[in-house]
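Heads up: the structure comes next, in structure tokens.
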Amino acid sequence: MADAAAAAAAPQKPVLYSYWRSSSSWRVRIALALKGIDYEYRAVHLLRDGGEQHKPDYAALNPQQLVPTLLIDGLELTQSIAIIEYLDETRPDVSPLLPKDAASRARVRQIVQIIASDTQPVQNLRVLQKVGDEKKMEWAKYWITMGLDALEQTLGHTAGKYCVGDSVTIADLCLVPQIYNARRFNVDLTPYPITMRVSEALDEIEAFASAAPEKMPDANS
């Protein structure tokens, strides 16, 4: 009985609902890897059968019917940046992802907003489905290019080895998936030398490499 009670009281393993090529899911996968959090991966196929994210069981977890959703610490968390900030606030001693000084935190959040609010959402799946197959490549290239133009100028003021100085922050977690998307939509990356230098440095970090789409169990499904 004591063993059963102990098992019942033991914390449950976190569960990440993810799609291999989802930028937002990828950000969270990097954060989990940096924080050393072991988790169960549950694939949500965004295209199969009209999109598994729209199925009632999943929609009950995530009312927006998007990925990711993270089950952790008895919580059901959605929205990648909110999830990452929660992980950072509850596990601050392992790979902190926000600088201590207010000015640097503001710079990190500025870059996060450029990517996660103003660039990625207008070129993600549900928007492209509305735009239609004939125009989706042109649409995505336009918005990604506009975002990278602003990002390159911003990184000219903030970048060290990474997006803001020489420590990995939430901004970096957003950058790498966005560059992957830029390549998917054939965006010319040569006008962005600072952005690409930072992205290439991040690619060398194991937590980033291990979270990459091709490493996921549902890759190319």
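Each chain in the structure tokens gets a letter, A, B, ..., in the order shown, and its residues are numbered from 1; ligands are numbered from 1 in order too.
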Give me, as CSV, the closest atom pair and its distance (Å, one decimal) for every residue of range 114-140 of chain A within a cut-off of 10 Å of range 9-32 of chain A, counting only C-alpha atoms, rows sorted by chain and rising number.
residue,atom,partner,partner_atom,distance
A:Ala116,CA,A:Ser24,CA,8.2
A:Gln120,CA,A:Ser23,CA,7.9
A:Pro121,CA,A:Ser24,CA,9.5
A:Asn124,CA,A:Ser22,CA,8.4
A:Leu125,CA,A:Ser22,CA,8.9
With N, CA and C atoms retained, could you export that selection as a compact mmCIF listing (two decimals), in the first residue's frame?
# COMPACT_ATOMS: atom_id res chain seq x y z
N ALA A 116 7.59 36.07 -33.04
CA ALA A 116 6.47 35.24 -32.60
C ALA A 116 5.12 35.92 -32.73
N GLN A 120 5.90 34.99 -37.66
CA GLN A 120 5.47 33.59 -37.76
C GLN A 120 3.96 33.41 -37.87
N PRO A 121 3.14 34.14 -37.11
CA PRO A 121 1.70 33.85 -37.18
C PRO A 121 1.08 34.08 -38.55
N ASN A 124 1.84 30.92 -40.84
CA ASN A 124 1.67 29.56 -40.34
C ASN A 124 0.54 28.85 -41.09
N LEU A 125 0.29 27.62 -40.72
CA LEU A 125 -0.57 26.75 -41.52
C LEU A 125 -1.97 27.28 -41.72
Practice item. Just list the residues in range 35-82 of chain A DSSP gives strand (DSSP E) on the backbone, as a ChimeraX atom specification. Key: /A:40-43,69-72,75-78
Review point. In range 68-170 of chain A, what's helix (DSSP H, G or I) per DSSP? Answer as a VMD selection string?
Key: chain A and resid 80 to 90 102 to 117 120 to 123 125 to 131 133 to 158 170
